[in-house]
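Everything below concerns the one structure shown next.
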Amino acid sequence: MEKEIKDKILTVLQTVKDPEIPSVSVIDLGMIESVHYESGIATVKALPTFMGCPALEIIKKNIVSAIMELEDIQSVQVDFIYSPPWTSDRITDEGRERLKEFGIAPPPVFFEETGMWKVDCPYCGSGYTTLENIFGPTACRSILYCKSCKNPFEAMKPISTLM
Amino acid sequence: MTIVHDALEAKQNDEYRKALSELLFQLADDDFITAYRGSEWLGLAPHIEEDIAYSSINQDTMGHAAIYYQLLEQLGFGPADALAHSRPVHERKNAIILEEVNGPGTYLEEPRYDWAFTVVRNYFYDLYKKIKLESLKNSSYEPLAQAAVKINMEQYYHLMHWETWFRQLTLSGGEAKTRMVRAIEKVWEDFEGVLTFGAVGGELAKHGLIEGEELLKKRFYSKIKLIFEQVQLPEPAPSGMKSGNGRNGEHTEDLKSALEVLSEVYRSDPSAVW
């Protein structure tokens, strides 16, 4: 029974999207660390992508209201935790595809030795791209330009504990 | 070294809680005022890409201050919002150089801000912040160590950003070079205020919260020496603390007026969402 409800919670969390990237769910972003259910009370431990992300409160509210829709739920608690820290390799394969659909390149490979990234254009797939600004419209994104299809685009920043 | 796992445990040892809160207030207040001064550049940065980058950095940095204030809240020091907005000037622990105005004028009226000063101040501050974060990753207070791992990943990009500005402007000729040299002198006169932990500094290392002040300073100076060599500047003498020690609650009019502006909304409605 509890296992069943937990599965339902995980399924409904697929409908909770990042308010700033509406094609990707909090599950696909790797933000959900654990889900716990016991006698009517659901507890979700979530990882913020960036510390100053202004969307956190909205995400929290959306998680709560999505789970409250389910049967057998009396209350929902969402805690943001920092350990383990969120890193960009937590994004699922599904999440990487959804990011591309939205015109955002998934987190590129980060070469530690040189500090260089390799980012393919999310529109045409070309690797002939340049980094315009490491910082983008949100804390987790950068601004790039594709020299093949001449589109500006964004990429998720690579974030790793090795940095 | 005994690991302290949470606020509950920390509260059982008065001495430990006191040393820990001292450190947290310094970390929080430094980041808080740095993010505020940075936010005053919004719309005024040298070009649009920089405007985007700098506001992103300030948003992160304010997030860092917020997590330190939250850790203080858990230790029983009252709500994080109140800690950020309503503590009087003499209770603030930030270094004085970080509170200094960006330049003459105000955000709304003739802001003649000094970009060279901003680049130098941010670069040196972020350089030392990174050194402190590396040490905090091994803090005896587990929640702080975890926060440091998280903050450090964001700090990587901040430091890279200011390093690029610092090198390019300092290695250029003409006005840029002259102004950078002048800004370095100005920041240096008070930078010791960032490097010190103030009167209670010894307590922090004793409890394993962070490594000793002298050790961290040594790391900073050897890094600075290397960078100054690379940009062909003579190695600087030890920095000073001309305007006083912010860690001990000494501050200037600049902080007073900054706090008045930034807490205006909070004071008019303390229940407003931060």
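Letters A, B, ... mark the chains of the structure tokens in the order given; residue numbers begin at 1 per chain; ligand numbers begin at 1, in order shown.
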
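For segment 69-76 of chain A, the set of protein, DNA and RNA residues having any atom at most 7 Å away, when counting only C-alpha atoms and skipping those fewer than 5 positions along the same chain, is A:Gly40, A:Ile41, A:Ala42, A:Thr43, A:Val64.
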
Writing out the chosen residues with C-alpha atoms as a PDB file, in the first residue's frame:
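Listed below is the output, out00.pdb:
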ATOM      1  CA  GLY A  40      -1.151  10.104   5.208  1.00  0.00           C
ATOM      2  CA  ILE A  41       1.999  12.203   5.358  1.00  0.00           C
ATOM      3  CA  ALA A  42       4.260  12.624   2.346  1.00  0.00           C
ATOM      4  CA  THR A  43       7.762  13.991   2.765  1.00  0.00           C
ATOM      5  CA  VAL A  64       2.741  20.275  -2.509  1.00  0.00           C
TER       6      VAL A  64
END

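Taking only C-alpha atoms, the non-local environment of Leu171 of chain B within 10 Å (same-chain residues fewer than 6 positions away omitted) comprises Trp165, Lys177, Met180, Gln230, Val231, Gln232 and Leu233 of chain B.
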
Non-local contacts of segment 103-107 of chain A (7 Å; only C-alpha atoms; under 3 positions in same chain excluded) as a PDB file with all heavy atoms, in the first residue's frame:
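Written out: out-v1.pdb:
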ATOM      1  N   SER A  88      24.915  18.801 -12.345  1.00  0.00           N
ATOM      2  CA  SER A  88      24.182  18.750 -13.620  1.00  0.00           C
ATOM      3  C   SER A  88      24.131  17.344 -14.212  1.00  0.00           C
ATOM      4  O   SER A  88      23.333  17.079 -15.103  1.00  0.00           O
ATOM      5  CB  SER A  88      24.765  19.754 -14.610  1.00  0.00           C
ATOM      6  OG  SER A  88      26.151  19.640 -14.696  1.00  0.00           O
ATOM      7  N   ARG A  96      17.334  15.524 -20.625  1.00  0.00           N
ATOM      8  CA  ARG A  96      18.241  16.110 -21.623  1.00  0.00           C
ATOM      9  C   ARG A  96      17.519  16.311 -22.953  1.00  0.00           C
ATOM     10  O   ARG A  96      17.694  17.314 -23.630  1.00  0.00           O
ATOM     11  CB  ARG A  96      19.480  15.225 -21.794  1.00  0.00           C
ATOM     12  CG  ARG A  96      20.347  15.164 -20.530  1.00  0.00           C
ATOM     13  CD  ARG A  96      21.490  14.156 -20.666  1.00  0.00           C
ATOM     14  NE  ARG A  96      22.525  14.642 -21.562  1.00  0.00           N
ATOM     15  CZ  ARG A  96      23.565  15.362 -21.171  1.00  0.00           C
ATOM     16  NH1 ARG A  96      23.707  15.679 -19.912  1.00  0.00           N
ATOM     17  NH2 ARG A  96      24.462  15.762 -22.032  1.00  0.00           N
ATOM     18  N   LEU A  99      15.027  19.218 -22.601  1.00  0.00           N
ATOM     19  CA  LEU A  99      15.726  20.511 -22.613  1.00  0.00           C
ATOM     20  C   LEU A  99      15.957  20.954 -24.055  1.00  0.00           C
ATOM     21  O   LEU A  99      15.713  22.101 -24.417  1.00  0.00           O
ATOM     22  CB  LEU A  99      17.075  20.411 -21.889  1.00  0.00           C
ATOM     23  CG  LEU A  99      17.068  20.507 -20.361  1.00  0.00           C
ATOM     24  CD1 LEU A  99      18.453  20.184 -19.807  1.00  0.00           C
ATOM     25  CD2 LEU A  99      16.645  21.898 -19.895  1.00  0.00           C
ATOM     26  N   LYS A 100      16.414  20.019 -24.863  1.00  0.00           N
ATOM     27  CA  LYS A 100      16.686  20.327 -26.275  1.00  0.00           C
ATOM     28  C   LYS A 100      15.422  20.800 -26.979  1.00  0.00           C
ATOM     29  O   LYS A 100      15.457  21.745 -27.762  1.00  0.00           O
ATOM     30  CB  LYS A 100      17.243  19.087 -26.991  1.00  0.00           C
ATOM     31  CG  LYS A 100      18.739  18.932 -26.805  1.00  0.00           C
ATOM     32  CD  LYS A 100      19.284  17.920 -27.795  1.00  0.00           C
ATOM     33  CE  LYS A 100      19.955  16.776 -27.074  1.00  0.00           C
ATOM     34  NZ  LYS A 100      20.299  15.653 -27.927  1.00  0.00           N
ATOM     35  N   ASP A 120      26.867  21.137 -28.139  1.00  0.00           N
ATOM     36  CA  ASP A 120      26.262  21.018 -29.469  1.00  0.00           C
ATOM     37  C   ASP A 120      24.996  21.859 -29.526  1.00  0.00           C
ATOM     38  O   ASP A 120      24.254  21.958 -28.555  1.00  0.00           O
ATOM     39  CB  ASP A 120      25.920  19.551 -29.767  1.00  0.00           C
ATOM     40  CG  ASP A 120      27.186  18.718 -29.918  1.00  0.00           C
ATOM     41  OD1 ASP A 120      28.238  19.312 -30.242  1.00  0.00           O
ATOM     42  OD2 ASP A 120      27.125  17.500 -29.685  1.00  0.00           O
ATOM     43  N   CYS A 121      24.738  22.436 -30.682  1.00  0.00           N
ATOM     44  CA  CYS A 121      23.545  23.260 -30.882  1.00  0.00           C
ATOM     45  C   CYS A 121      22.282  22.404 -30.705  1.00  0.00           C
ATOM     46  O   CYS A 121      22.174  21.343 -31.316  1.00  0.00           O
ATOM     47  CB  CYS A 121      23.579  23.874 -32.278  1.00  0.00           C
ATOM     48  SG  CYS A 121      22.067  24.752 -32.695  1.00  0.00           S
ATOM     49  N   PRO A 122      21.335  22.854 -29.879  1.00  0.00           N
ATOM     50  CA  PRO A 122      20.117  22.056 -29.666  1.00  0.00           C
ATOM     51  C   PRO A 122      19.202  22.055 -30.886  1.00  0.00           C
ATOM     52  O   PRO A 122      18.316  21.211 -31.001  1.00  0.00           O
ATOM     53  CB  PRO A 122      19.427  22.742 -28.478  1.00  0.00           C
ATOM     54  CG  PRO A 122      19.927  24.149 -28.512  1.00  0.00           C
ATOM     55  CD  PRO A 122      21.315  24.107 -29.093  1.00  0.00           C
ATOM     56  N   TYR A 123      19.417  22.973 -31.838  1.00  0.00           N
ATOM     57  CA  TYR A 123      18.558  23.047 -33.021  1.00  0.00           C
ATOM     58  C   TYR A 123      19.079  22.175 -34.157  1.00  0.00           C
ATOM     59  O   TYR A 123      18.365  21.369 -34.721  1.00  0.00           O
ATOM     60  CB  TYR A 123      18.424  24.501 -33.498  1.00  0.00           C
ATOM     61  CG  TYR A 123      17.817  25.407 -32.460  1.00  0.00           C
ATOM     62  CD1 TYR A 123      18.566  26.408 -31.852  1.00  0.00           C
ATOM     63  CD2 TYR A 123      16.481  25.251 -32.066  1.00  0.00           C
ATOM     64  CE1 TYR A 123      18.000  27.238 -30.882  1.00  0.00           C
ATOM     65  CE2 TYR A 123      15.916  26.071 -31.099  1.00  0.00           C
ATOM     66  CZ  TYR A 123      16.671  27.062 -30.516  1.00  0.00           C
ATOM     67  OH  TYR A 123      16.126  27.872 -29.566  1.00  0.00           O
ATOM     68  N   PHE A 153      21.392  30.361 -28.626  1.00  0.00           N
ATOM     69  CA  PHE A 153      20.693  29.385 -27.779  1.00  0.00           C
ATOM     70  C   PHE A 153      21.292  29.404 -26.375  1.00  0.00           C
ATOM     71  O   PHE A 153      22.276  30.083 -26.105  1.00  0.00           O
ATOM     72  CB  PHE A 153      20.751  27.981 -28.391  1.00  0.00           C
ATOM     73  CG  PHE A 153      22.139  27.372 -28.451  1.00  0.00           C
ATOM     74  CD1 PHE A 153      22.578  26.527 -27.436  1.00  0.00           C
ATOM     75  CD2 PHE A 153      22.982  27.631 -29.515  1.00  0.00           C
ATOM     76  CE1 PHE A 153      23.847  25.954 -27.495  1.00  0.00           C
ATOM     77  CE2 PHE A 153      24.256  27.065 -29.579  1.00  0.00           C
ATOM     78  CZ  PHE A 153      24.690  26.236 -28.568  1.00  0.00           C
ATOM     79  N   GLU A 154      20.623  28.653 -25.492  1.00  0.00           N
ATOM     80  CA  GLU A 154      21.115  28.571 -24.124  1.00  0.00           C
ATOM     81  C   GLU A 154      21.567  27.152 -23.824  1.00  0.00           C
ATOM     82  O   GLU A 154      21.139  26.211 -24.474  1.00  0.00           O
ATOM     83  CB  GLU A 154      20.006  28.980 -23.152  1.00  0.00           C
ATOM     84  CG  GLU A 154      19.657  30.459 -23.255  1.00  0.00           C
ATOM     85  CD  GLU A 154      18.345  30.784 -22.580  1.00  0.00           C
ATOM     86  OE1 GLU A 154      17.881  29.975 -21.762  1.00  0.00           O
ATOM     87  OE2 GLU A 154      17.789  31.838 -22.891  1.00  0.00           O
ATOM     88  N   ALA A 155      22.425  27.017 -22.825  1.00  0.00           N
ATOM     89  CA  ALA A 155      22.848  25.695 -22.371  1.00  0.00           C
ATOM     90  C   ALA A 155      22.797  25.676 -20.852  1.00  0.00           C
ATOM     91  O   ALA A 155      23.036  26.698 -20.218  1.00  0.00           O
ATOM     92  CB  ALA A 155      24.270  25.390 -22.838  1.00  0.00           C
ATOM     93  N   MET A 156      22.469  24.502 -20.302  1.00  0.00           N
ATOM     94  CA  MET A 156      22.571  24.358 -18.848  1.00  0.00           C
ATOM     95  C   MET A 156      24.056  24.353 -18.495  1.00  0.00           C
ATOM     96  O   MET A 156      24.851  23.696 -19.155  1.00  0.00           O
ATOM     97  CB  MET A 156      21.946  23.037 -18.385  1.00  0.00           C
ATOM     98  CG  MET A 156      20.445  22.979 -18.493  1.00  0.00           C
ATOM     99  SD  MET A 156      19.609  23.869 -17.168  1.00  0.00           S
ATOM    100  CE  MET A 156      19.506  22.623 -15.907  1.00  0.00           C
ATOM    101  N   LYS A 157      24.420  25.079 -17.452  1.00  0.00           N
ATOM    102  CA  LYS A 157      25.825  25.099 -17.020  1.00  0.00           C
ATOM    103  C   LYS A 157      26.235  23.719 -16.493  1.00  0.00           C
ATOM    104  O   LYS A 157      25.467  23.091 -15.778  1.00  0.00           O
ATOM    105  CB  LYS A 157      25.980  26.050 -15.836  1.00  0.00           C
ATOM    106  CG  LYS A 157      26.085  27.497 -16.141  1.00  0.00           C
ATOM    107  CD  LYS A 157      26.606  28.189 -14.877  1.00  0.00           C
ATOM    108  CE  LYS A 157      26.602  29.686 -15.022  1.00  0.00           C
ATOM    109  NZ  LYS A 157      25.303  30.289 -14.780  1.00  0.00           N
ATOM    110  N   PRO A 158      27.444  23.289 -16.828  1.00  0.00           N
ATOM    111  CA  PRO A 158      27.927  22.085 -16.144  1.00  0.00           C
ATOM    112  C   PRO A 158      28.260  22.440 -14.693  1.00  0.00           C
ATOM    113  O   PRO A 158      28.919  23.448 -14.433  1.00  0.00           O
ATOM    114  CB  PRO A 158      29.184  21.710 -16.923  1.00  0.00           C
ATOM    115  CG  PRO A 158      29.610  22.947 -17.641  1.00  0.00           C
ATOM    116  CD  PRO A 158      28.406  23.822 -17.795  1.00  0.00           C
TER     117      PRO A 158
END

- Contact residues around segment 126-132 of chain B with only C-alpha atoms at 9 Å, ignoring same-chain residues under 2 positions, as number ranges by chain: B: 27, 121-124, 134-137, 148, 152, 155-156, 158-159, 162-163, 194-195, 210-211, 216-217, 219-220, 223-224

- Taking only C-alpha atoms into account, what are the residues of chain A at most 6 Å from chain B, put as a PyMOL selection string? chain A and resi 51-52+83+85+135+139+163

- Item | Residue list (alpha helix (DSSP H), DSSP) for segment 11-173 of chain B, as a PyMOL selection string | chain B and resi 14-39+48-74+80-85+96-99+115-136+142-171

Export of the given selection (C-alpha atoms) as a CSV table (one decimal), in the first residue's frame:
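Contents of the output file result_24.csv:
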chain,number,residue,atom,x,y,z
B,14,ASP,CA,27.4,27.2,24.5
B,15,GLU,CA,31.0,28.0,23.5
B,16,TYR,CA,30.6,26.1,20.2
B,17,ARG,CA,27.4,27.8,19.4
B,18,LYS,CA,28.9,31.2,20.1
B,19,ALA,CA,31.9,30.6,17.9
B,20,LEU,CA,29.8,29.1,15.1
B,21,SER,CA,27.3,31.9,15.1
B,22,GLU,CA,30.2,34.5,15.0
B,23,LEU,CA,31.5,32.8,11.8
B,24,LEU,CA,28.1,32.5,10.2
B,25,PHE,CA,27.3,36.2,10.8
B,26,GLN,CA,30.6,37.1,9.2
B,27,LEU,CA,30.0,34.9,6.1
B,28,ALA,CA,26.4,36.0,5.8
B,29,ASP,CA,27.0,39.7,6.2
B,30,ASP,CA,29.9,39.7,3.8
B,31,ASP,CA,27.9,38.1,1.1
B,32,PHE,CA,24.8,40.1,1.8
B,33,ILE,CA,26.4,43.5,1.4
B,34,THR,CA,28.5,42.3,-1.6
B,35,ALA,CA,25.4,41.2,-3.3
B,36,TYR,CA,23.7,44.5,-2.5
B,37,ARG,CA,26.5,46.6,-3.8
B,38,GLY,CA,26.5,44.4,-6.9
B,39,SER,CA,22.8,44.8,-7.4
B,48,ILE,CA,24.6,44.2,-21.7
B,49,GLU,CA,26.4,40.8,-21.4
B,50,GLU,CA,28.0,42.0,-18.2
B,51,ASP,CA,24.6,43.3,-16.9
B,52,ILE,CA,23.3,39.7,-17.3
B,53,ALA,CA,26.3,38.1,-15.8
B,54,TYR,CA,26.7,40.4,-12.8
B,55,SER,CA,23.0,40.2,-11.9
B,56,SER,CA,23.2,36.4,-12.0
B,57,ILE,CA,26.3,36.5,-9.8
B,58,ASN,CA,24.5,38.8,-7.3
B,59,GLN,CA,21.5,36.6,-7.2
B,60,ASP,CA,23.7,33.6,-6.4
B,61,THR,CA,25.6,35.6,-3.8
B,62,MET,CA,22.4,36.8,-2.1
B,63,GLY,CA,21.4,33.1,-2.1
B,64,HIS,CA,24.6,32.3,-0.3
B,65,ALA,CA,23.9,34.9,2.4
B,66,ALA,CA,20.4,33.5,2.7
B,67,ILE,CA,21.6,30.0,3.5
B,68,TYR,CA,24.0,31.3,6.2
B,69,TYR,CA,21.1,33.3,7.7
B,70,GLN,CA,19.0,30.2,7.6
B,71,LEU,CA,21.7,28.2,9.5
B,72,LEU,CA,21.6,31.0,12.1
B,73,GLU,CA,17.8,30.8,12.3
B,74,GLN,CA,18.2,27.1,13.0
B,80,ALA,CA,16.5,34.8,8.6
B,81,ASP,CA,14.7,37.7,7.1
B,82,ALA,CA,15.0,39.7,10.3
B,83,LEU,CA,18.7,38.8,10.5
B,84,ALA,CA,19.3,40.2,7.1
B,85,HIS,CA,17.1,43.3,7.3
B,96,ILE,CA,34.3,47.6,5.8
B,97,ILE,CA,35.7,47.5,2.2
B,98,LEU,CA,32.7,45.5,1.1
B,99,GLU,CA,30.2,48.2,2.3
B,115,TRP,CA,34.1,49.8,-12.6
B,116,ALA,CA,37.8,49.3,-11.8
B,117,PHE,CA,37.1,49.4,-8.1
B,118,THR,CA,34.2,47.0,-8.5
B,119,VAL,CA,36.3,44.5,-10.5
B,120,VAL,CA,39.2,44.6,-8.0
B,121,ARG,CA,37.0,44.4,-4.9
B,122,ASN,CA,34.9,41.5,-6.3
B,123,TYR,CA,37.9,39.6,-7.6
B,124,PHE,CA,39.9,39.8,-4.3
B,125,TYR,CA,36.8,39.1,-2.3
B,126,ASP,CA,35.8,36.1,-4.4
B,127,LEU,CA,39.4,34.8,-4.4
B,128,TYR,CA,39.4,34.7,-0.6
B,129,LYS,CA,35.8,33.5,-0.4
B,130,LYS,CA,36.9,30.4,-2.5
B,131,ILE,CA,39.8,29.8,-0.1
B,132,LYS,CA,37.5,30.0,2.9
B,133,LEU,CA,34.9,27.7,1.2
B,134,GLU,CA,37.6,25.0,0.5
B,135,SER,CA,38.4,25.1,4.2
B,136,LEU,CA,34.7,25.1,5.2
B,142,GLU,CA,28.2,19.4,9.2
B,143,PRO,CA,25.4,21.7,7.9
B,144,LEU,CA,28.0,24.4,7.2
B,145,ALA,CA,30.3,21.9,5.5
B,146,GLN,CA,27.4,20.7,3.2
B,147,ALA,CA,26.5,24.3,2.4
B,148,ALA,CA,30.1,25.1,1.5
B,149,VAL,CA,30.2,22.2,-1.0
B,150,LYS,CA,27.1,23.6,-2.7
B,151,ILE,CA,28.2,27.3,-2.6
B,152,ASN,CA,31.7,26.4,-3.9
B,153,MET,CA,30.3,25.0,-7.1
B,154,GLU,CA,28.7,28.3,-7.9
B,155,GLN,CA,31.7,30.3,-6.7
B,156,TYR,CA,33.8,28.6,-9.4
B,157,TYR,CA,32.0,30.6,-12.0
B,158,HIS,CA,32.0,33.8,-10.1
B,159,LEU,CA,35.8,33.7,-9.6
B,160,MET,CA,36.4,32.8,-13.2
B,161,HIS,CA,34.3,35.8,-14.2
B,162,TRP,CA,36.2,38.4,-12.1
B,163,GLU,CA,39.5,36.9,-12.9
B,164,THR,CA,38.8,37.5,-16.6
B,165,TRP,CA,38.0,41.2,-16.0
B,166,PHE,CA,40.9,41.6,-13.7
B,167,ARG,CA,43.5,40.2,-16.0
B,168,GLN,CA,42.2,41.9,-19.2
B,169,LEU,CA,41.9,45.4,-17.7
B,170,THR,CA,45.2,45.2,-15.7
B,171,LEU,CA,47.1,43.8,-18.7

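Pairwise distance (atom CA of Asn245 of chain B, atom CA of Ser86 of chain B) equals 20.9 Å.
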
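Atom CA of Glu33 of chain A to atom CA of Gly208 of chain B spans 29.2 Å [interatomic distance, one decimal].
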
- strand (DSSP E) call set, DSSP backbone run, chain A, as a PyMOL selection string: chain A and resi 17-18+21-25+32-38+41-46+75-80+104-105+109-110+117-118+129-133+141-146+152-156

- Within 8 Å of Ile81 of chain A, counting only C-alpha atoms, which residues qualify if same-chain residues fewer than 4 places away don't, as number ranges by chain? A: 45-48, 85

Once you have the residues from the selection above, write them out as a PDB file, in the first residue's frame, restricted to C-alpha atoms.
ATOM      1  CA  LYS A  45      13.484  15.873  -0.040  1.00  0.00           C
ATOM      2  CA  ALA A  46      14.483  18.100  -2.931  1.00  0.00           C
ATOM      3  CA  LEU A  47      17.787  19.603  -4.066  1.00  0.00           C
ATOM      4  CA  PRO A  48      17.939  23.223  -5.234  1.00  0.00           C
ATOM      5  CA  PRO A  85      24.530  18.696  -3.734  1.00  0.00           C
TER       6      PRO A  85
END
